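Asker: Structure file data.txt, compact mmCIF, C-alpha atoms, is pasted below:
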# COMPACT_ATOMS: atom_id res chain seq x y z
CA MET I 1 -73.55 -76.79 145.70
CA SER I 2 -70.24 -74.98 145.95
CA ALA I 3 -69.66 -71.62 147.64
CA ASN I 4 -67.76 -70.50 144.54
CA TRP I 5 -70.93 -69.06 143.04
CA ILE I 6 -71.32 -66.72 146.02
CA ALA I 7 -67.83 -65.34 145.36
CA GLY I 8 -68.82 -64.62 141.76
CA LEU I 9 -71.65 -62.29 142.78
CA THR I 10 -71.17 -58.55 142.94
CA GLU I 11 -71.61 -56.95 146.34
CA ASP I 12 -75.10 -55.71 145.37
CA GLU I 13 -76.10 -59.14 144.05
CA ARG I 14 -74.81 -60.83 147.21
CA HIS I 15 -76.65 -58.41 149.49
CA ILE I 16 -79.88 -58.90 147.54
CA VAL I 17 -79.55 -62.69 147.67
CA ILE I 18 -78.85 -62.56 151.42
CA GLY I 19 -81.83 -60.26 152.03
CA CYS I 20 -84.13 -62.57 150.08
CA LEU I 21 -82.87 -65.71 151.82
CA LEU I 22 -83.30 -64.14 155.27
CA HIS I 23 -86.81 -63.03 154.38
CA SER I 24 -87.84 -66.41 152.99
CA LEU I 25 -86.21 -68.70 155.55
CA HIS I 26 -86.44 -66.66 158.75
CA ASP I 27 -89.08 -64.01 158.01
CA ILE I 28 -86.47 -61.36 158.73
CA GLU I 29 -86.83 -57.97 157.10
CA SER I 30 -83.19 -56.98 156.77
CA THR I 31 -81.39 -53.86 155.66
CA TYR I 32 -79.61 -55.74 152.87
CA LEU I 33 -82.06 -54.44 150.27
CA VAL I 34 -82.01 -50.80 151.38
CA GLY I 35 -80.96 -48.68 148.43
CA ARG I 36 -80.96 -51.70 146.14
CA SER I 37 -84.64 -52.08 145.23
CA ALA I 38 -84.21 -51.08 141.58
CA ILE I 39 -81.31 -53.51 141.16
CA ALA I 40 -83.29 -56.23 142.95
CA GLU I 41 -86.23 -55.75 140.59
CA VAL I 42 -83.96 -56.10 137.53
CA LEU I 43 -82.28 -59.24 138.93
CA THR I 44 -85.67 -60.75 139.81
CA ALA I 45 -86.91 -60.09 136.27
CA ASP I 46 -83.77 -61.68 134.78
CA LEU I 47 -84.17 -64.78 136.92
CA ASP I 48 -87.91 -64.94 136.24
CA ARG I 49 -87.31 -64.82 132.48
CA TRP I 50 -84.95 -67.79 132.75
CA VAL I 51 -87.38 -69.80 134.90
CA ASN I 52 -90.17 -69.21 132.39
CA ASP I 53 -88.00 -69.99 129.35
CA GLN I 54 -85.91 -72.93 130.52
CA GLY I 55 -84.52 -73.47 127.04
CA ALA I 56 -82.76 -70.12 127.22
CA THR I 57 -79.06 -69.88 127.88
CA PRO I 58 -78.51 -68.31 131.30
CA LYS I 59 -76.68 -64.97 131.19
CA GLY I 60 -75.38 -62.44 133.69
CA PHE I 61 -76.76 -62.84 137.20
CA VAL I 62 -78.69 -66.01 136.28
CA ALA I 63 -75.57 -67.74 134.97
CA LYS I 64 -73.82 -67.16 138.30
CA ILE I 65 -76.42 -69.17 140.23
CA PRO I 66 -76.25 -72.98 140.23
CA GLU I 67 -79.07 -74.43 138.16
CA ASP I 68 -80.66 -76.28 141.10
CA ALA I 69 -80.89 -73.03 143.09
CA ARG I 70 -82.31 -70.79 140.34
CA GLU I 71 -85.99 -71.62 140.65
CA PRO I 72 -86.06 -71.55 144.49
CA LEU I 73 -84.09 -68.29 144.54
CA CYS I 74 -86.47 -66.82 141.98
CA ALA I 75 -89.41 -67.72 144.26
CA SER I 76 -87.60 -66.16 147.21
CA MET I 77 -86.91 -62.99 145.24
CA TRP I 78 -90.54 -62.77 144.11
CA ALA I 79 -91.65 -62.99 147.74
CA THR I 80 -89.12 -60.50 149.04
CA VAL I 81 -88.75 -57.98 146.23
CA LEU I 82 -92.21 -58.09 144.64
CA ASN I 83 -94.26 -59.23 147.68
CA ILE I 84 -95.73 -62.09 145.63
CA HIS I 85 -95.57 -65.21 147.79
CA GLN I 86 -97.36 -67.86 145.73
CA PRO I 87 -94.24 -69.24 143.96
CA GLN I 88 -92.45 -69.48 147.30
CA ASP I 89 -95.48 -71.05 148.99
CA ASN I 90 -95.52 -73.73 146.29
CA LEU I 91 -91.84 -74.67 146.58
CA PRO I 92 -91.28 -78.39 147.15
CA ALA I 93 -89.12 -79.55 150.05
CA SER I 94 -86.12 -79.72 147.70
CA GLY I 95 -86.58 -76.02 146.89
CA TRP I 96 -86.52 -75.06 150.56
CA LYS I 97 -83.45 -77.25 151.02
CA ALA I 98 -81.72 -75.40 148.15
CA LEU I 99 -82.49 -72.06 149.84
CA GLU I 100 -81.13 -73.35 153.17
CA GLN I 101 -77.95 -74.56 151.46
CA ALA I 102 -77.53 -71.21 149.73
CA LEU I 103 -77.79 -69.36 153.05
CA GLU I 104 -75.24 -71.75 154.60
CA LEU I 105 -72.88 -71.03 151.69
CA VAL I 106 -73.29 -67.28 152.16
CA ASP I 107 -72.46 -67.73 155.85
CA GLN I 108 -69.37 -69.79 154.96
CA PHE I 109 -68.28 -67.22 152.40
CA ASP I 110 -68.69 -64.36 154.86
CA ALA I 111 -66.89 -66.30 157.61
CA GLY I 112 -63.99 -66.97 155.24
CA ARG I 113 -63.74 -63.30 154.33
CA SER I 114 -63.91 -62.23 157.99
CA SER I 115 -61.19 -64.65 159.03
CA GLY I 116 -58.83 -63.49 156.32
CA LEU I 117 -59.10 -66.73 154.37
CA ARG I 118 -60.41 -64.83 151.38
CA PRO I 119 -58.93 -61.61 150.07
CA GLN I 120 -60.82 -58.49 151.07
CA PRO I 121 -61.98 -56.10 148.35
CA VAL I 122 -59.80 -53.06 147.93
CA ALA I 123 -61.66 -49.80 148.41
Would you write out, as structure tokens, the structure that this file holds?
Answerer:
Amino acid sequence: MSANWIAGLTEDERHIVIGCLLHSLHDIESTYLVGRSAIAEVLTADLDRWVNDQGATPKGFVAKIPEDAREPLCASMWATVLNIHQPQDNLPASGWKALEQALELVDQFDAGRSSGLRPQPVA
């Protein structure tokens, strides 16, 4: 899994993904979702639709996420955004590994931005 997909996320999408990963992997209730709950619900619904209709062509937010991370991230978002933990509780070991890799990639992306390796957004 390449960190390039993290760079393709909007700031809101990235913050929502980070908040969900922290909740799922470390049981941390973060501030990443504050003020973003409506957006998070829409993104969760988009990802859920793709998971339930795997023949569909991924679009928007879903298309930005690597295919092997979509289902685990959907389970994480259900647990964090909707407080429905069953999909997350039923993730196989490979799903948890995909979530761990995604969090590592977010950390690498953020470290690259902080060190000046990646261009900073212009305000």
Asker: Under the rule that all atoms listed in the file are counted, which of I:Gln108, I:Ser94, I:Gln101, I:Ser76 is the nearest residue to I:His23?
Answerer: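 Distance minimum relative to I:His23 lands on I:Ser76.
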Asker: Could you check how far atom CA of I:Glu41 sits from atom CA of I:Gly112, in Å to one decimal?
Answerer: 28.9 Å
Asker: By how many Å are atom CA of I:His15 and atom CA of I:Pro66 apart?
Answerer: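 These atoms are spaced 17.3 Å apart.
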Asker: Between I:Asp68, I:Lys97, I:Cys74, I:Asp110, which has the minimum distance to I:Trp50 (counting only C-alpha atoms)?
Answerer: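 Among the listed residues, I:Cys74 lies closest to I:Trp50.
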Asker: Excluding same-chain residues fewer than 3 positions from I:Leu9, what lies within 12 Å of it counting all atoms listed in the file, as a ChimeraX atom specification?
Answerer: /I:3-6,12-18,43,60-66,106,109
Asker: Quick one: 5 Å padding each side, axis-aligned, all listed atoms of stretch 103-106 of chain I - centre and edge lengths in Å to one decimal, as AutoDock Vina command-line options?
Answerer:
--center_x -75.3 --center_y -69.5 --center_z 153.1 --size_x 14.9 --size_y 14.5 --size_z 12.9
Asker: Just checking: using all atoms listed in the file, which residue out of I:Leu25, I:Tyr32, I:Trp96, I:Leu73 ends up closest to I:Asp46?
Answerer: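 Among the listed residues, I:Leu73 lies closest to I:Asp46.
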Asker: Point out the residue among I:Met77, I:Lys59, I:Ala93, I:Ala38 with the least atom-to-atom distance to I:Leu21, counting all atoms listed in the file.
Answerer: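 Ranked by minimum distance to I:Leu21, first place goes to I:Met77.
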Asker: For atom CA of I:Ala45 and atom CA of I:Arg70, quote the distance in Å rounded to one decimal.
Answerer: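 According to the coordinates, atom CA of I:Ala45 and atom CA of I:Arg70 are separated by 12.3 Å.
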Asker: List as a ChimeraX atom specification the protein and nucleic acid residues near I:Leu33, meaning an atom at most 8 Å away when only C-alpha atoms are counted, but skip any in the same chain fewer than 3 places from it.
Answerer: /I:15-16,19,30,36-37,40
Asker: Between I:Ala102, I:Ser24, I:Gly55, I:Gly8, which has the minimum distance to I:Asp89 (counting all atoms listed in the file)?
Answerer: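 Residue with the minimum atom-to-atom distance to I:Asp89: I:Ser24.
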Asker: Which one is closest to I:Gln54: I:Glu67, I:Cys20, I:Glu11, I:Asn90? Count only C-alpha atoms.
Answerer: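 Ranked by minimum distance to I:Gln54, first place goes to I:Glu67.
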Asker: List the residues sitting within 12 Å of (-95.1, -65.9, 144.7) in the file's frame, using all atoms listed in the file, as a PyMOL selection string.
Answerer: chain I and resi 24+44+48+71-91
